[in-house]
$ cat structure13.cif   # mmCIF, C-alpha atoms
data_query
loop_
_atom_site.label_atom_id
_atom_site.label_comp_id
_atom_site.auth_asym_id
_atom_site.auth_seq_id
_atom_site.Cartn_x
_atom_site.Cartn_y
_atom_site.Cartn_z
CA MET A 850 32.57 -6.19 -12.96
CA ASP A 851 32.39 -7.02 -16.66
CA PRO A 852 29.50 -5.08 -18.28
CA TYR A 853 30.57 -6.03 -21.81
CA GLY A 854 30.74 -9.69 -20.88
CA ALA A 855 27.33 -9.45 -19.21
CA CYS A 856 25.80 -8.03 -22.40
CA VAL A 857 27.26 -10.91 -24.42
CA ARG A 858 26.22 -13.50 -21.84
CA TYR A 859 22.60 -12.37 -21.74
CA GLY A 860 22.27 -11.37 -25.37
CA LEU A 861 21.68 -7.69 -24.59
CA LYS A 862 21.79 -5.61 -27.75
CA VAL A 863 23.11 -2.47 -26.09
CA ASN A 864 26.42 -0.72 -25.63
CA PRO A 865 27.18 -0.68 -21.87
CA GLU A 866 28.48 2.87 -22.19
CA ASP A 867 25.00 4.00 -23.25
CA ILE A 868 23.58 2.92 -19.87
CA ARG A 869 26.58 3.45 -17.59
CA PRO A 870 24.61 5.16 -14.74
CA LYS A 871 22.62 1.92 -14.36
CA TRP A 872 25.62 -0.29 -13.57
CA ASP A 873 28.50 1.97 -12.55
CA LYS A 874 28.15 2.86 -8.85
CA ASN A 875 31.05 5.27 -9.15
CA PHE A 876 29.37 7.25 -11.91
CA ALA A 877 28.77 10.81 -10.76
CA SER A 878 26.63 13.48 -12.35
CA SER A 879 25.45 16.86 -11.18
CA SER A 880 21.79 16.25 -11.89
CA GLU A 881 19.15 13.96 -13.35
CA GLU A 882 18.82 16.42 -16.22
CA GLN A 883 22.49 15.99 -17.07
CA ILE A 884 22.11 12.19 -17.09
CA ALA A 885 19.12 12.50 -19.40
CA GLU A 886 21.10 14.72 -21.75
CA GLU A 887 24.18 12.49 -21.82
CA PHE A 888 22.30 9.19 -21.98
CA PRO A 889 19.28 9.51 -24.32
CA LEU A 890 18.59 5.76 -24.15
CA LEU A 891 18.02 5.97 -20.41
CA LYS A 892 15.81 9.00 -20.90
CA LEU A 893 13.72 7.09 -23.43
CA PHE A 894 13.42 4.13 -21.07
CA ASP A 895 12.42 6.29 -18.10
CA GLN A 896 9.79 8.09 -20.17
CA PHE A 897 8.34 4.81 -21.37
CA TYR A 898 8.29 3.33 -17.88
CA GLU A 899 6.72 6.40 -16.27
CA GLN A 900 3.99 6.57 -18.93
CA TYR A 901 3.39 2.85 -18.59
CA LEU A 902 3.06 3.03 -14.82
CA GLU A 903 0.79 6.05 -15.03
CA ARG A 904 -1.55 4.17 -17.35
CA ALA A 905 -1.45 1.14 -15.08
CA VAL A 906 -2.31 3.20 -12.01
CA ASP A 907 -5.05 5.08 -13.84
CA VAL A 908 -6.71 1.79 -14.75
CA GLY A 909 -6.09 0.11 -11.42
CA ILE A 910 -6.99 2.90 -9.01
CA PRO A 911 -9.58 5.48 -10.06
CA ILE A 912 -8.15 8.55 -8.36
CA SER A 913 -11.33 10.46 -7.57
CA SER A 914 -14.22 8.10 -8.15
CA SER A 915 -16.17 6.33 -5.45
CA ALA A 916 -19.82 5.72 -4.75
CA ASN A 917 -19.07 6.11 -1.04
CA SER A 918 -17.86 9.54 0.06
CA HIS A 919 -17.20 8.30 3.62
CA PHE A 920 -14.78 5.63 2.43
CA TRP A 921 -13.01 7.98 0.04
CA ALA A 922 -12.55 10.69 2.70
CA TRP A 923 -11.22 8.07 5.14
CA ARG A 924 -8.74 6.81 2.54
CA GLU A 925 -7.54 10.37 1.84
CA ARG A 926 -6.92 10.86 5.57
CA GLN A 927 -4.92 7.64 5.69
CA ILE A 928 -2.81 8.81 2.75
CA ALA A 929 -2.16 12.11 4.54
CA ARG A 930 -1.22 10.29 7.76
CA VAL A 931 1.16 7.88 6.04
CA GLY A 932 2.75 10.79 4.18
CA SER A 933 3.91 12.23 7.51
CA GLN A 934 5.06 8.90 8.97
CA VAL A 935 7.20 7.26 6.28
CA LYS A 936 10.06 8.63 4.22
CA ALA A 937 9.13 10.43 1.03
CA TYR A 938 10.44 7.82 -1.40
CA VAL A 939 8.51 5.10 0.44
CA HIS A 940 5.34 7.18 0.40
CA ARG A 941 5.61 7.61 -3.36
CA GLU A 942 5.67 3.82 -3.75
CA ILE A 943 2.56 3.14 -1.63
CA SER A 944 -0.44 2.94 -3.94
CA HIS A 945 -3.13 2.68 -1.23
CA PHE A 946 -5.17 0.10 -3.12
CA THR A 947 -8.72 -0.14 -1.87
CA ASN A 948 -8.95 -3.93 -1.37
CA ALA A 949 -6.83 -7.06 -1.29
CA PHE A 950 -8.01 -10.67 -1.38
CA GLU A 951 -6.19 -13.72 -0.08
CA LEU A 952 -7.32 -16.79 -2.03
CA SER A 953 -5.41 -19.15 0.21
CA LYS A 954 -4.33 -19.31 3.82
CA GLY A 955 -0.58 -18.95 3.97
CA CYS A 956 2.11 -19.09 1.32
CA SER A 957 4.29 -21.89 -0.04
CA VAL A 958 7.28 -19.68 -0.85
CA GLY A 959 8.40 -18.86 2.70
CA CYS A 960 10.66 -15.83 2.13
CA ARG A 961 12.77 -15.25 5.24
CA PHE A 962 12.25 -11.48 4.91
CA CYS A 963 8.47 -11.52 4.30
CA GLY A 964 7.17 -8.12 5.38
CA VAL A 965 3.75 -9.51 6.31
CA ALA A 966 5.10 -12.72 7.88
CA ALA A 967 3.01 -15.02 5.70
CA PRO A 968 2.37 -18.34 7.48
CA ARG A 969 3.05 -21.64 5.77
CA LEU A 970 0.45 -22.61 3.16
CA ASN A 971 -2.25 -24.72 4.81
CA ASP A 972 -5.51 -24.18 2.91
CA ILE A 973 -6.75 -23.02 -0.50
CA PHE A 974 -9.99 -21.37 -1.58
CA ILE A 975 -10.86 -23.74 -4.42
CA TYR A 976 -13.15 -22.59 -7.23
CA ASN A 977 -16.05 -24.95 -6.53
CA PRO A 978 -19.74 -24.00 -6.97
CA GLY A 979 -20.18 -22.80 -3.39
CA ASN A 980 -16.98 -20.78 -3.28
CA ALA A 981 -17.55 -19.33 -6.75
CA LYS A 982 -21.00 -18.14 -5.65
CA LEU A 983 -19.59 -16.54 -2.49
CA TRP A 984 -16.75 -14.92 -4.47
CA ARG A 985 -19.15 -13.29 -6.91
CA GLU A 986 -21.39 -12.12 -4.03
CA VAL A 987 -18.37 -10.49 -2.37
CA LEU A 988 -17.34 -8.74 -5.60
CA GLU A 989 -20.88 -7.56 -6.33
CA ASN A 990 -21.41 -6.26 -2.80
CA MET A 991 -18.10 -4.41 -2.69
CA THR A 992 -18.75 -2.90 -6.12
CA SER A 993 -22.14 -1.75 -4.88
CA ILE A 994 -20.64 -0.18 -1.74
CA LEU A 995 -17.47 1.38 -3.18
CA GLY A 996 -18.42 1.96 -6.79
CA SER A 997 -15.57 2.21 -9.28
CA ALA A 998 -13.09 2.66 -6.42
CA PHE A 999 -13.39 -1.09 -5.93
CA GLN A 1000 -11.48 -1.53 -9.19
CA GLY A 1001 -8.31 -0.65 -7.25
CA SER A 1002 -8.01 -4.18 -5.82
CA PHE A 1003 -5.78 -7.22 -6.22
CA CYS A 1004 -5.99 -10.90 -5.27
CA TYR A 1005 -3.03 -11.70 -3.01
CA TRP A 1006 -1.46 -10.45 0.23
CA ALA A 1007 0.32 -12.82 2.62
CA THR A 1008 -0.04 -15.34 -0.18
CA ASP A 1009 1.35 -16.19 -3.59
CA PRO A 1010 -1.47 -16.09 -6.15
CA PHE A 1011 -0.12 -19.07 -8.07
CA ASP A 1012 -0.55 -21.28 -4.98
CA ASN A 1013 -4.22 -21.32 -5.96
CA PRO A 1014 -4.75 -23.60 -9.00
CA ASP A 1015 -7.93 -21.68 -9.83
CA TYR A 1016 -6.43 -18.20 -9.61
CA GLU A 1017 -7.22 -17.47 -13.25
CA LYS A 1018 -10.91 -18.26 -12.72
CA PHE A 1019 -11.16 -15.86 -9.78
CA CYS A 1020 -9.47 -13.14 -11.84
CA GLY A 1021 -11.90 -13.85 -14.68
CA ASP A 1022 -14.86 -13.29 -12.37
CA TYR A 1023 -13.26 -10.13 -11.03
CA TYR A 1024 -12.92 -8.79 -14.56
CA ALA A 1025 -16.49 -9.77 -15.49
CA ILE A 1026 -17.91 -7.81 -12.56
CA THR A 1027 -15.54 -4.82 -12.32
CA LYS A 1028 -14.41 -4.55 -15.99
CA VAL A 1029 -10.80 -4.32 -14.75
CA PHE A 1030 -8.29 -7.17 -14.55
CA PRO A 1031 -6.37 -7.20 -11.24
CA GLN A 1032 -2.62 -6.72 -11.14
CA THR A 1033 -0.64 -9.81 -10.06
CA THR A 1034 2.65 -10.30 -8.20
CA THR A 1035 4.12 -13.79 -7.95
CA ALA A 1036 7.39 -15.38 -6.86
CA GLN A 1037 6.46 -18.55 -8.74
CA ALA A 1038 6.73 -17.44 -12.35
CA LEU A 1039 9.11 -20.34 -13.02
CA LYS A 1040 7.15 -23.05 -11.20
CA ASN A 1041 5.09 -23.70 -14.32
CA PRO A 1042 6.29 -21.39 -17.12
CA GLU A 1043 3.51 -22.43 -19.47
CA ARG A 1044 0.89 -21.51 -16.88
CA THR A 1045 2.66 -18.19 -16.31
CA ARG A 1046 2.85 -17.51 -20.04
CA ALA A 1047 -0.83 -18.38 -20.52
CA PHE A 1048 -1.80 -16.17 -17.58
CA LEU A 1049 0.14 -13.21 -18.95
CA GLU A 1050 -1.58 -13.61 -22.30
CA PHE A 1051 -4.96 -13.90 -20.56
CA SER A 1052 -4.31 -10.73 -18.55
CA ARG A 1053 -3.14 -8.83 -21.65
CA LYS A 1054 -6.34 -9.75 -23.51
CA LYS A 1055 -8.25 -8.26 -20.58
CA ASN A 1056 -6.19 -5.03 -20.80
CA CYS A 1057 -4.16 -5.63 -17.65
CA LEU A 1058 -1.20 -3.32 -18.06
CA PHE A 1059 0.97 -4.26 -15.13
CA ASN A 1060 2.14 -7.50 -13.44
CA ARG A 1061 5.21 -8.28 -11.32
CA PHE A 1062 7.64 -11.12 -10.77
CA SER A 1063 9.37 -11.29 -7.39
CA ILE A 1064 13.04 -12.22 -7.92
CA LEU A 1065 14.50 -14.11 -4.97
CA SER A 1066 18.00 -14.90 -6.29
CA LEU A 1067 20.42 -14.09 -9.11
CA LYS A 1068 19.90 -17.61 -10.45
CA MET A 1069 16.17 -16.97 -10.62
CA LEU A 1070 16.78 -13.69 -12.46
CA GLU A 1071 18.91 -15.49 -15.04
CA GLN A 1072 16.27 -18.19 -15.47
CA ILE A 1073 13.53 -15.59 -15.94
CA HIS A 1074 15.46 -13.99 -18.81
CA GLN A 1075 16.16 -17.39 -20.32
CA GLU A 1076 12.54 -18.49 -20.12
CA PHE A 1077 10.73 -15.30 -21.16
CA SER A 1078 11.44 -13.07 -24.14
CA PRO A 1079 11.89 -9.28 -23.86
CA GLU A 1080 8.49 -8.88 -25.50
CA GLU A 1081 6.87 -11.08 -22.85
CA LEU A 1082 8.59 -9.16 -20.05
CA ILE A 1083 7.78 -5.68 -21.35
CA SER A 1084 4.69 -5.49 -19.14
CA ILE A 1085 6.39 -7.14 -16.15
CA LYS A 1086 8.12 -5.32 -13.34
CA LEU A 1087 10.89 -7.43 -11.82
CA VAL A 1088 10.90 -6.88 -8.05
CA LEU A 1089 14.50 -7.55 -7.05
CA LEU A 1090 14.51 -9.21 -3.63
CA ASN A 1091 17.74 -11.16 -4.06
CA ASP A 1092 20.54 -10.62 -1.54
CA GLU A 1093 22.62 -8.69 -4.06
CA ALA A 1094 19.90 -6.14 -4.79
CA GLU A 1095 20.43 -2.60 -3.52
CA ASP A 1096 16.89 -2.23 -2.15
CA ILE A 1097 16.70 -2.58 1.64
CA LYS A 1098 14.25 -5.16 2.98
CA ALA A 1099 11.37 -3.47 4.78
CA HIS A 1100 11.55 -3.43 8.59
CA ALA A 1101 8.29 -5.35 8.99
CA GLY A 1102 7.11 -8.92 9.51
CA ARG A 1103 9.86 -11.52 9.55
CA GLN A 1104 12.54 -9.03 8.49
CA ARG A 1105 11.65 -6.88 11.50
CA GLU A 1106 12.08 -9.90 13.78
CA ARG A 1107 15.57 -10.44 12.31
CA ASN A 1108 16.40 -6.74 12.69
CA LEU A 1109 15.30 -6.67 16.33
CA GLN A 1110 17.54 -9.65 17.06
CA GLN A 1111 20.42 -7.66 15.57
CA GLY A 1112 19.67 -4.62 17.71
CA ILE A 1113 17.83 -2.48 15.13
CA ALA A 1114 14.93 -0.90 17.02
CA ASP A 1115 11.60 0.40 15.70
CA LYS A 1116 12.32 3.90 17.04
CA GLU A 1117 15.35 4.24 14.78
CA LEU A 1118 12.94 4.68 11.84
CA PRO A 1119 14.45 2.30 9.29
CA ASP A 1120 14.43 3.42 5.67
CA GLN A 1121 11.27 1.43 5.00
CA GLY A 1122 8.94 0.17 7.72
CA THR A 1123 6.15 -1.41 5.71
CA ILE A 1124 5.31 -3.21 2.48
CA ALA A 1125 1.57 -2.70 3.01
CA CYS A 1126 -0.13 -0.93 0.11
CA VAL A 1127 -3.83 -1.06 1.01
CA SER A 1128 -5.94 1.58 2.71
CA GLY A 1129 -9.19 -0.31 2.70
CA PHE A 1130 -10.33 -3.88 3.16
CA LEU A 1131 -8.22 -7.05 3.42
CA PHE A 1132 -10.15 -10.28 2.78
CA ASN A 1133 -9.21 -13.87 3.43
CA MET A 1134 -11.63 -16.00 1.46
CA VAL A 1135 -10.63 -19.24 3.23
CA GLU A 1136 -11.55 -17.79 6.63
CA ARG A 1137 -14.39 -15.64 5.27
CA SER A 1138 -12.81 -12.73 7.12
CA VAL A 1139 -12.29 -9.04 6.38
CA LYS A 1140 -10.13 -6.41 8.07
CA LEU A 1141 -10.09 -2.65 7.68
CA ILE A 1142 -6.40 -1.74 7.35
CA SER A 1143 -3.94 0.99 6.38
CA PRO A 1144 -0.11 1.11 6.22
CA CYS A 1145 2.13 2.25 9.07
CA ASN A 1146 5.73 1.79 10.13
CA ALA A 1147 5.90 -1.61 11.82
CA ASN A 1148 6.07 -1.47 15.61
CA GLU A 1149 5.32 -3.65 18.62
CA ARG A 1150 1.58 -3.24 18.27
CA TRP A 1151 1.48 -3.47 14.45
CA PRO A 1152 4.45 -5.75 13.61
CA LEU A 1153 3.24 -6.42 10.06
CA GLY A 1154 3.37 -2.77 9.02
CA TYR A 1155 -0.35 -1.99 8.91
CA ILE A 1156 -2.99 -0.81 11.36
CA ILE A 1157 -6.06 -3.01 11.81
CA TYR A 1158 -8.94 -0.66 12.54
CA ASP A 1159 -11.65 -3.32 12.58
CA GLN A 1160 -12.32 -6.92 11.56
CA GLY A 1161 -15.07 -9.49 11.29
CA THR A 1162 -16.31 -12.59 9.50
CA PHE A 1163 -19.14 -13.36 7.10
CA THR A 1164 -20.76 -16.38 5.45
CA ASN A 1165 -22.62 -14.74 2.58
CA GLY A 1166 -23.00 -11.50 0.69
CA ASP A 1167 -25.73 -10.11 2.94
CA GLU A 1168 -23.63 -10.59 6.08
CA LEU A 1169 -20.66 -8.99 4.36
CA ASN A 1170 -22.74 -6.00 3.33
CA THR A 1171 -23.89 -5.49 6.93
CA LEU A 1172 -20.34 -5.84 8.23
CA ILE A 1173 -18.79 -3.39 5.75
CA GLN A 1174 -21.54 -0.82 6.29
CA ARG A 1175 -20.98 -1.07 10.05
CA MET A 1176 -17.21 -0.52 9.62
CA ILE A 1177 -17.85 2.53 7.45
CA ARG A 1178 -20.31 3.91 9.98
CA ASP A 1179 -17.96 3.36 12.94
CA HIS A 1180 -14.67 4.48 11.42
CA MET A 1181 -15.33 6.80 8.49
CA PRO A 1182 -17.08 10.00 9.51
CA LEU A 1183 -16.78 12.89 7.09
CA THR A 1184 -15.98 15.28 9.92
CA VAL A 1185 -15.02 15.20 13.59
CA ARG A 1186 -17.92 13.91 15.71
CA PRO A 1187 -18.94 15.64 18.99
CA TYR A 1188 -18.18 12.58 21.12
CA ASP A 1189 -14.76 11.86 19.57
CA LEU A 1190 -11.88 12.11 22.05
CA MET A 1191 -9.40 14.62 20.66
CA ARG A 1192 -5.71 13.71 20.90
CA PHE A 1193 -2.70 13.86 18.62
CA ARG A 1194 -1.03 10.81 17.10
CA GLU A 1195 1.47 9.16 19.43
CA ASP A 1196 4.34 9.57 16.96
CA LEU A 1197 3.98 13.36 16.94
CA LYS A 1198 5.87 15.57 19.41
CA TYR A 1199 3.78 18.52 20.61
CA GLU A 1200 5.42 21.90 21.29
CA ASN A 1201 3.69 24.98 22.63
CA LEU A 1202 4.47 28.18 20.69
CA SER A 1203 3.75 31.80 21.58
CA ASP A 1204 1.08 32.09 18.90
CA GLY A 1205 0.08 28.47 18.35
CA PHE A 1206 1.68 25.06 18.47
CA GLN A 1207 3.90 22.70 16.52
CA LEU A 1208 3.73 18.96 15.78
CA SER A 1209 6.76 17.07 14.54
CA ASN A 1210 8.41 13.70 14.06
CA LYS A 1211 11.48 12.53 12.15
CA VAL A 1212 9.64 12.91 8.85
CA LYS A 1213 7.67 16.17 8.99
CA THR A 1214 6.91 19.29 11.02
CA PHE A 1215 3.53 21.02 11.13
CA LYS A 1216 3.05 24.52 12.52
CA PHE A 1217 -0.32 26.06 13.40
CA VAL A 1218 0.32 29.69 14.24
CA ASN A 1219 -0.81 33.32 13.83
CA ASP A 1220 -4.09 32.73 15.62
CA PRO A 1221 -4.36 32.95 19.43
CA TYR A 1222 -6.94 30.16 19.55
CA TRP A 1223 -4.55 27.63 18.00
CA ARG A 1224 -2.53 27.77 21.24
CA ASP A 1225 -5.48 26.86 23.48
CA LEU A 1226 -6.74 24.28 21.03
CA GLY A 1227 -3.36 22.56 20.75
CA LYS A 1228 -2.94 22.43 24.52
CA MET A 1229 -6.31 20.78 25.05
CA ILE A 1230 -5.78 18.21 22.31
CA HIS A 1231 -2.32 17.47 23.70
CA GLU A 1232 -3.85 16.74 27.11
CA GLY A 1233 -5.96 14.13 25.34
CA ASN A 1234 -8.86 14.05 27.81
CA LYS A 1235 -11.54 16.15 26.10
CA THR A 1236 -14.05 15.41 23.38
CA ALA A 1237 -14.66 17.67 20.41
CA GLU A 1238 -17.83 18.91 22.10
CA GLN A 1239 -16.02 19.76 25.35
CA ILE A 1240 -13.33 21.67 23.47
CA THR A 1241 -15.99 23.55 21.51
CA GLN A 1242 -17.77 24.53 24.72
CA PHE A 1243 -14.53 25.68 26.37
CA LEU A 1244 -13.57 27.89 23.44
CA ALA A 1245 -17.13 29.18 23.13
CA ALA A 1246 -16.79 30.58 26.66
CA GLN A 1247 -13.86 32.60 25.31
CA GLY A 1248 -15.91 33.95 22.43
CA VAL A 1249 -14.91 31.50 19.70
CA LEU A 1250 -17.78 30.54 17.41
CA SER A 1251 -18.53 26.80 17.33
CA GLU A 1252 -18.21 26.91 13.53
CA GLN A 1253 -14.69 28.27 13.85
CA THR A 1254 -13.65 25.57 16.34
CA SER A 1255 -15.14 22.94 14.06
CA TYR A 1256 -13.04 24.29 11.22
CA TYR A 1257 -9.85 24.12 13.34
CA LEU A 1258 -10.53 20.56 14.43
CA ASN A 1259 -11.35 19.36 10.95
CA VAL A 1260 -8.16 20.86 9.51
CA LEU A 1261 -6.23 18.59 11.88
CA PHE A 1262 -8.61 15.71 11.18
CA GLU A 1263 -8.27 15.88 7.41
CA ARG A 1264 -4.48 16.03 7.60
CA GLY A 1265 -4.44 12.79 9.57
CA LEU A 1266 -2.82 14.36 12.63
CA LEU A 1267 -5.41 13.20 15.16
CA ASP A 1268 -5.12 9.77 16.73
CA SER A 1269 -7.57 7.36 15.08
CA GLU A 1270 -6.01 4.02 16.05
CA PRO A 1271 -8.40 1.60 17.79
CA LYS A 1272 -7.99 1.12 21.51
CA PRO A 1273 -5.81 -1.87 22.44
#
$ encode --input "structure13.cif" --output "structure tokens"
Amino acid sequence: MDPYGACVRYGLKVNPEDIRPKWDKNFASSSEEQIAEEFPLLKLFDQFYEQYLERAVDVGIPISSSANSHFWAWRERQIARVGSQVKAYVHREISHFTNAFELSKGCSVGCRFCGVAAPRLNDIFIYNPGNAKLWREVLENMTSILGSAFQGSFCYWATDPFDNPDYEKFCGDYYAITKVFPQTTTAQALKNPERTRAFLEFSRKKNCLFNRFSILSLKMLEQIHQEFSPEELISIKLVLLNDEAEDIKAHAGRQRERNLQQGIADKELPDQGTIACVSGFLFNMVERSVKLISPCNANERWPLGYIIYDQGTFTNGDELNTLIQRMIRDHMPLTVRPYDLMRFREDLKYENLSDGFQLSNKVKTFKFVNDPYWRDLGKMIHEGNKTAEQITQFLAAQGVLSEQTSYYLNVLFERGLLDSEPKP
């Protein structure tokens, strides 16, 4: 390791000793506060980055604004569920965007560790008159349905946005309709640097605060710093996916397939089991398809690290509107419905307690105690063969008011502890 040589090589105007915790793995300190006190430059950087990200998130995902209360309540339940299924540091990184759009079918990059197992690029949604009209109809309909919550969207998934030669035009339409410019992540920043540079300038003029470059190798990292100035990269997060990076590849998609071949099982709960970051709708504009999805740890049923609650196709804005409204009606009640079958999530272990019950997995433990009716309620839900109405009637025979049972059930419902996955 030669930190001084690295600074000279890359033209870094910094004393390596001023940022030692960033490069010295053997550096030890008692606390983050001590590091901040000893290394004011790092403290300044962290403050800048945190403020920058906060502004980016505030613009990209309106935290409490939606024209559709059913969708927003569903999304909050998904966030609660994920928070008790993935490790805390992973949960902090999941933004739960409301929509994602694929503007091609497949991806030309072909990363061997792709967490969503993107297929090879085979079709592109070109910005011709017919497609442009459909695109604007989709944006207008989703804005009408979700309100300002639709602003928390982006235009890639199992794709690289720069595979589409008209990507900038689609982003321009998105901005014109939503008044927000979507965040972009690409692994092809170097494919056409002038296009990349022009796009970054375009996004900055539209007040986009945050874009990302995926870094696939050390050579690519060096080329990025050679091609783009520090000023150009100030609004870019470099996602380090090169082999030398410390971040572990998510156990999902193609990386999960590799892990399984090496004997790493789903049940071992790898550090990160998903790269999905949408609790909402996933569109593929080539196929004219839409799925209702939310993150989960990848498993045999959901190998790509997200649950698919529903899906369908459309040919125009009216059909899309009907489809989305039907998904909301079927999957997004505000409260438990009488005919809903009550059962706990499969990943939760149920334990009967003297004054209630307990639910737990490797991430969290929930206790519902100090009320004799919690015990009966937990037992019936654990059996998994009764509807909300049947449970209410059973407890009513024991003198429990239906309003009280409804409250109990909805506490579990809102915390995402009840099984909501679609039947196989």
$ atom_distance --input "structure13.cif" --atom1 "CA of Cys1145 in chain A" --atom2 "CA of Asp1115 in chain A"
11.7 Å
$ residues_around --input "structure13.cif" --residues "range 1053-1065 of chain A" --least-positions-apart "6" --cutoff "8 Å" --atoms "all atoms listed in the file" --output "number ranges by chain"
A: 901-902, 904-905, 1024, 1029-1038, 1084-1092
$ residues_around --input "structure13.cif" --residues "range 980-985 of chain A" --least-positions-apart "6" --cutoff "12 Å" --atoms "all atoms listed in the file" --output "PyMOL selection string"
chain A and resi 950-952+973-974+991-992+1004+1015-1016+1018-1027+1132-1137+1163-1169
$ write_last_selection --input "structure13.cif" --atoms "C-alpha atoms" --output "mmCIF file, in the coordinates of the input"
data_model
loop_
_atom_site.group_PDB
_atom_site.id
_atom_site.type_symbol
_atom_site.label_atom_id
_atom_site.label_comp_id
_atom_site.auth_asym_id
_atom_site.auth_seq_id
_atom_site.Cartn_x
_atom_site.Cartn_y
_atom_site.Cartn_z
ATOM 1 C CA PHE A 950 -8.010 -10.670 -1.380
ATOM 2 C CA GLU A 951 -6.190 -13.720 -0.080
ATOM 3 C CA LEU A 952 -7.320 -16.790 -2.030
ATOM 4 C CA ILE A 973 -6.750 -23.020 -0.500
ATOM 5 C CA PHE A 974 -9.990 -21.370 -1.580
ATOM 6 C CA MET A 991 -18.100 -4.410 -2.690
ATOM 7 C CA THR A 992 -18.750 -2.900 -6.120
ATOM 8 C CA CYS A 1004 -5.990 -10.900 -5.270
ATOM 9 C CA ASP A 1015 -7.930 -21.680 -9.830
ATOM 10 C CA TYR A 1016 -6.430 -18.200 -9.610
ATOM 11 C CA LYS A 1018 -10.910 -18.260 -12.720
ATOM 12 C CA PHE A 1019 -11.160 -15.860 -9.780
ATOM 13 C CA CYS A 1020 -9.470 -13.140 -11.840
ATOM 14 C CA GLY A 1021 -11.900 -13.850 -14.680
ATOM 15 C CA ASP A 1022 -14.860 -13.290 -12.370
ATOM 16 C CA TYR A 1023 -13.260 -10.130 -11.030
ATOM 17 C CA TYR A 1024 -12.920 -8.790 -14.560
ATOM 18 C CA ALA A 1025 -16.490 -9.770 -15.490
ATOM 19 C CA ILE A 1026 -17.910 -7.810 -12.560
ATOM 20 C CA THR A 1027 -15.540 -4.820 -12.320
ATOM 21 C CA PHE A 1132 -10.150 -10.280 2.780
ATOM 22 C CA ASN A 1133 -9.210 -13.870 3.430
ATOM 23 C CA MET A 1134 -11.630 -16.000 1.460
ATOM 24 C CA VAL A 1135 -10.630 -19.240 3.230
ATOM 25 C CA GLU A 1136 -11.550 -17.790 6.630
ATOM 26 C CA ARG A 1137 -14.390 -15.640 5.270
ATOM 27 C CA PHE A 1163 -19.140 -13.360 7.100
ATOM 28 C CA THR A 1164 -20.760 -16.380 5.450
ATOM 29 C CA ASN A 1165 -22.620 -14.740 2.580
ATOM 30 C CA GLY A 1166 -23.000 -11.500 0.690
ATOM 31 C CA ASP A 1167 -25.730 -10.110 2.940
ATOM 32 C CA GLU A 1168 -23.630 -10.590 6.080
ATOM 33 C CA LEU A 1169 -20.660 -8.990 4.360
#
$ residues_around --input "structure13.cif" --residues "Phe962 in chain A" --least-positions-apart "5" --cutoff "7 Å" --atoms "only C-alpha atoms" --output "number ranges by chain"
A: 1098, 1103-1104
$ residues_around --input "structure13.cif" --residues "range 1123-1130 of chain A" --least-positions-apart "3" --cutoff "9 Å" --atoms "all atoms listed in the file" --output "JSON list (two decimals) with C-alpha atoms, keeping the file's coordinate frame"
[["chain", "number", "residue", "atom", "x", "y", "z"],
["A", 920, "PHE", "CA", -14.78, 5.63, 2.43],
["A", 923, "TRP", "CA", -11.22, 8.07, 5.14],
["A", 924, "ARG", "CA", -8.74, 6.81, 2.54],
["A", 925, "GLU", "CA", -7.54, 10.37, 1.84],
["A", 927, "GLN", "CA", -4.92, 7.64, 5.69],
["A", 928, "ILE", "CA", -2.81, 8.81, 2.75],
["A", 935, "VAL", "CA", 7.20, 7.26, 6.28],
["A", 939, "VAL", "CA", 8.51, 5.10, 0.44],
["A", 942, "GLU", "CA", 5.67, 3.82, -3.75],
["A", 943, "ILE", "CA", 2.56, 3.14, -1.63],
["A", 944, "SER", "CA", -0.44, 2.94, -3.94],
["A", 945, "HIS", "CA", -3.13, 2.68, -1.23],
["A", 946, "PHE", "CA", -5.17, 0.10, -3.12],
["A", 947, "THR", "CA", -8.72, -0.14, -1.87],
["A", 948, "ASN", "CA", -8.95, -3.93, -1.37],
["A", 949, "ALA", "CA", -6.83, -7.06, -1.29],
["A", 950, "PHE", "CA", -8.01, -10.67, -1.38],
["A", 964, "GLY", "CA", 7.17, -8.12, 5.38],
["A", 965, "VAL", "CA", 3.75, -9.51, 6.31],
["A", 1002, "SER", "CA", -8.01, -4.18, -5.82],
["A", 1006, "TRP", "CA", -1.46, -10.45, 0.23],
["A", 1099, "ALA", "CA", 11.37, -3.47, 4.78],
["A", 1100, "HIS", "CA", 11.55, -3.43, 8.59],
["A", 1101, "ALA", "CA", 8.29, -5.35, 8.99],
["A", 1102, "GLY", "CA", 7.11, -8.92, 9.51],
["A", 1139, "VAL", "CA", -12.29, -9.04, 6.38],
["A", 1140, "LYS", "CA", -10.13, -6.41, 8.07],
["A", 1141, "LEU", "CA", -10.09, -2.65, 7.68],
["A", 1142, "ILE", "CA", -6.40, -1.74, 7.35],
["A", 1143, "SER", "CA", -3.94, 0.99, 6.38],
["A", 1144, "PRO", "CA", -0.11, 1.11, 6.22],
["A", 1145, "CYS", "CA", 2.13, 2.25, 9.07],
["A", 1146, "ASN", "CA", 5.73, 1.79, 10.13],
["A", 1147, "ALA", "CA", 5.90, -1.61, 11.82],
["A", 1153, "LEU", "CA", 3.24, -6.42, 10.06],
["A", 1154, "GLY", "CA", 3.37, -2.77, 9.02],
["A", 1155, "TYR", "CA", -0.35, -1.99, 8.91],
["A", 1173, "ILE", "CA", -18.79, -3.39, 5.75]]
$ atom_distance --input "structure13.cif" --atom1 "CA of Asp972 in chain A" --atom2 "CA of Ser953 in chain A"
5.7 Å
$ residues_around --input "structure13.cif" --residues "Arg930 in chain A" --least-positions-apart "2" --cutoff "7 Å" --atoms "only C-alpha atoms" --output "PyMOL selection string"
chain A and resi 926-928+932-934+1264-1266
